[in-house]
Amino acid sequence: MAPTLIPSDLTEFVMLQGNGVKGLSEMGLKSLPSQYVQPLEERVINVVPQESIPIIDMSNWDDPKVQDAICDAAEKWGFFQIINHGVPLEVLDSVKDATYRFYGLPPKEKVKYTKENSSTKHVRYGSSFSPEAEKALEWKDYLSLFYVSEDEAAATWPPACRNEALEYMKRSEILIKQLLNVLMKRLNVSEIDETNESLFMGSKRINLNYYPVCPNHDLTVAIGRHSDVSTLTVLLQDETGGLYVRAPNHHGWIHVPPVSGAIVINIGDALQVMSNGRYKSIEHRVSVNGSKTRVSVPIFVNPRPSDVIGPLPQVLASGEKALYKNVLYSDYVKHFFRKAHDGKLTVEYAKICQV
């Protein structure tokens, strides 16, 4: 019979001993620990079956029709999938394999990378999202790797996944610049160059997310409702499924089905602010699975922490009224991480109050 875990035991087992929810899943629990049971309104969603986000073929990315499709998707949906994107499929497979390899390590190896033990704040292994602030925990383990330099990564990132994570980031660089150049053109920014590159893509973080099989999976969530704080997020998901995005009319949720070889792109809050609301950073969530483990690998493309984000001058040049104030990006990110996932409320932090 599965042991009953009281809160202090749970924190000790999951967080401090490095077992994660993977360890809970492997205990063969017959019921979900109460700490993971989400409020009804967070776990029951209205799925819109006939809707789907666009799938865009990037093989001729400089074709005006393809560029329009990218910008239109960013304005209406905030999410789209891309195929023929130039990132080799073996690189995508390798980073998924490396994710399984890291989580297959013994807990005593993984625990070296927790907040309490990591040699650097740029490498963090953890569980849930913000356990100190959450009323109910999320069924997810993560390894978060903030990229500073090749040398720093070589010295501090876990060897089990370091090379594959770096290669995926490196091979995505051209794609990220292509997408940003296309999106900026519609905002009257001529191109990404050394004067503005840091504002759009000056820092990057890659997460290796692990969502193990869950008992009573319909009582919890893997990731609660939120929008990303990035400029862009470049997401690799496996074939399990479970990602849902808010429908454009806000009535219900749309499943983002796994497409073999595709990458999911979504607009983050930073780009919503910089575009003065033209491009949409859309709420999304991830459900858990009762029979299959899921992994995902997002790259968060961000401004530098020291950059100030606000509506771009080129966007306001025509006399358009600013909807957002200028905010230090590191303050914006801290605001996001100090609370539980709460839908789109983070972006309110940057909004100008309309009198």
# chains A, B, ... in the order shown; residues from 1 in each chain; ligands from 1
call {"tool": "closest_atom_pairs", "arguments": {"of": "range 193-292 of chain A", "to": "range 141-146 of chain A", "cutoff": "12 Å", "atoms": "only C-alpha atoms", "output": "CSV"}}
result
residue,atom,partner,partner_atom,distance
A:Gly202,CA,A:Phe146,CA,11.7
A:Ser203,CA,A:Phe146,CA,8.0
A:Lys204,CA,A:Phe146,CA,6.2
A:Arg205,CA,A:Phe146,CA,4.3
A:Ile206,CA,A:Leu145,CA,5.3
A:Asn207,CA,A:Ser144,CA,4.4
A:Leu208,CA,A:Leu143,CA,5.1
A:Asn209,CA,A:Tyr142,CA,4.4
A:Tyr210,CA,A:Asp141,CA,5.1
A:Tyr211,CA,A:Asp141,CA,6.5
A:Pro212,CA,A:Asp141,CA,8.4
A:Val213,CA,A:Asp141,CA,11.9
A:Ala222,CA,A:Asp141,CA,9.1
A:Ile223,CA,A:Asp141,CA,10.3
call {"tool": "write_last_selection", "arguments": {"atoms": "C-alpha atoms", "output": "CSV table (one decimal), in the first residue's frame"}}
result
chain,number,residue,atom,x,y,z
A,202,GLY,CA,20.0,39.3,-25.4
A,203,SER,CA,19.5,36.4,-23.0
A,204,LYS,CA,18.4,32.8,-23.4
A,205,ARG,CA,17.2,30.0,-21.1
A,206,ILE,CA,16.5,26.4,-22.0
A,207,ASN,CA,14.4,24.2,-19.8
A,208,LEU,CA,14.2,20.4,-19.8
A,209,ASN,CA,10.7,19.6,-18.5
A,210,TYR,CA,9.6,16.2,-17.3
A,211,TYR,CA,5.9,15.3,-16.7
A,212,PRO,CA,5.7,11.7,-15.3
A,213,VAL,CA,2.6,9.5,-15.3
A,222,ALA,CA,1.4,19.9,-15.2
A,223,ILE,CA,1.6,23.7,-15.8
call {"tool": "residues_around", "arguments": {"residues": "Val245 in chain A", "least_positions_apart": "6", "cutoff": "8 Å", "atoms": "only C-alpha atoms", "output": "PDB file with N, CA and C atoms, in the first residue's frame"}}
result
ATOM      1  N   PHE A  79       0.430  31.890 -31.047  1.00  0.00           N
ATOM      2  CA  PHE A  79       1.056  30.564 -31.121  1.00  0.00           C
ATOM      3  C   PHE A  79       0.985  30.073 -32.562  1.00  0.00           C
ATOM      4  N   TRP A 253     -10.377  26.380 -24.800  1.00  0.00           N
ATOM      5  CA  TRP A 253      -8.963  26.071 -24.998  1.00  0.00           C
ATOM      6  C   TRP A 253      -8.783  25.191 -26.233  1.00  0.00           C
ATOM      7  N   ILE A 254      -7.633  25.362 -26.885  1.00  0.00           N
ATOM      8  CA  ILE A 254      -7.330  24.628 -28.112  1.00  0.00           C
ATOM      9  C   ILE A 254      -6.107  23.748 -27.858  1.00  0.00           C
ATOM     10  N   HIS A 255      -6.232  22.466 -28.185  1.00  0.00           N
ATOM     11  CA  HIS A 255      -5.094  21.555 -28.028  1.00  0.00           C
ATOM     12  C   HIS A 255      -4.084  21.814 -29.144  1.00  0.00           C
ATOM     13  N   VAL A 256      -2.809  21.771 -28.788  1.00  0.00           N
ATOM     14  CA  VAL A 256      -1.735  21.914 -29.789  1.00  0.00           C
ATOM     15  C   VAL A 256      -1.203  20.511 -30.055  1.00  0.00           C
ATOM     16  N   ILE A 282      -0.146  34.698 -25.409  1.00  0.00           N
ATOM     17  CA  ILE A 282      -1.401  34.012 -25.089  1.00  0.00           C
ATOM     18  C   ILE A 282      -1.227  33.037 -23.918  1.00  0.00           C
ATOM     19  N   GLU A 283      -2.249  33.010 -23.099  1.00  0.00           N
ATOM     20  CA  GLU A 283      -2.306  32.073 -21.986  1.00  0.00           C
ATOM     21  C   GLU A 283      -2.229  30.633 -22.496  1.00  0.00           C
ATOM     22  N   HIS A 284      -1.488  29.805 -21.788  1.00  0.00           N
ATOM     23  CA  HIS A 284      -1.458  28.385 -22.127  1.00  0.00           C
ATOM     24  C   HIS A 284      -1.269  27.564 -20.853  1.00  0.00           C
ATOM     25  N   ARG A 285      -1.495  26.289 -20.972  1.00  0.00           N
ATOM     26  CA  ARG A 285      -1.422  25.378 -19.825  1.00  0.00           C
ATOM     27  C   ARG A 285      -1.062  23.991 -20.340  1.00  0.00           C
TER      28      ARG A 285
END
call {"tool": "residues_around", "arguments": {"residues": "range 108-118 of chain A", "least_positions_apart": "4", "cutoff": "7 Å", "atoms": "only C-alpha atoms", "output": "ChimeraX atom specification"}}
result
/A:17-18,123-126
call {"tool": "atom_distance", "arguments": {"atom1": "CA of Tyr244 in chain A", "atom2": "CA of Ala73 in chain A"}}
result
16.0 Å
call {"tool": "residues_around", "arguments": {"residues": "Phe13 in chain A", "least_positions_apart": "6", "cutoff": "9 Å", "atoms": "only C-alpha atoms", "output": "PyMOL selection string"}}
result
chain A and resi 19-20+23-24
call {"tool": "residues_around", "arguments": {"residues": "range 259-271 of chain A", "least_positions_apart": "4", "cutoff": "6 Å", "atoms": "only C-alpha atoms", "output": "PyMOL selection string"}}
result
chain A and resi 78-83+228-236+275+281
call {"tool": "closest_atom_pairs", "arguments": {"of": "range 125-232 of chain A", "to": "range 33-38 of chain A", "cutoff": "6 Å", "atoms": "only C-alpha atoms", "output": "tab-separated table"}}
result
residue	atom	partner	partner_atom	distance
A:Ala136	CA	A:Tyr36	CA	5.2
A:Leu137	CA	A:Tyr36	CA	4.7
A:Leu219	CA	A:Val37	CA	5.4
A:Thr220	CA	A:Gln38	CA	5.1
call {"tool": "write_last_selection", "arguments": {"atoms": "N, CA and C atoms", "output": "compact mmCIF listing (two decimals), in the first residue's frame"}}
result
# COMPACT_ATOMS: atom_id res chain seq x y z
N ALA A 136 -1.64 25.04 -4.64
CA ALA A 136 -1.58 23.64 -5.05
C ALA A 136 -0.38 23.47 -5.98
N LEU A 137 0.36 22.38 -5.80
CA LEU A 137 1.58 22.16 -6.59
C LEU A 137 1.25 21.64 -7.99
N LEU A 219 -7.13 15.46 -11.59
CA LEU A 219 -7.25 16.33 -10.41
C LEU A 219 -6.16 17.40 -10.34
N THR A 220 -5.19 17.33 -11.22
CA THR A 220 -4.07 18.27 -11.14
C THR A 220 -3.71 18.82 -12.51
call {"tool": "closest_residue", "arguments": {"among": "A:Glu320, A:Ala247, A:Met201, A:Phe102", "to": "Trp157 in chain A", "atoms": "only C-alpha atoms"}}
result
A:Phe102
call {"tool": "select_by_dssp", "arguments": {"residues": "range 86-151 of chain A", "states": "alpha helix (DSSP H)", "output": "PyMOL selection string"}}
result
chain A and resi 89-103+107-110+150-151
call {"tool": "closest_residue", "arguments": {"among": "A:His250, A:Asp63, A:Arg186, A:Lys170", "to": "Val48 in chain A", "atoms": "only C-alpha atoms"}}
result
A:His250
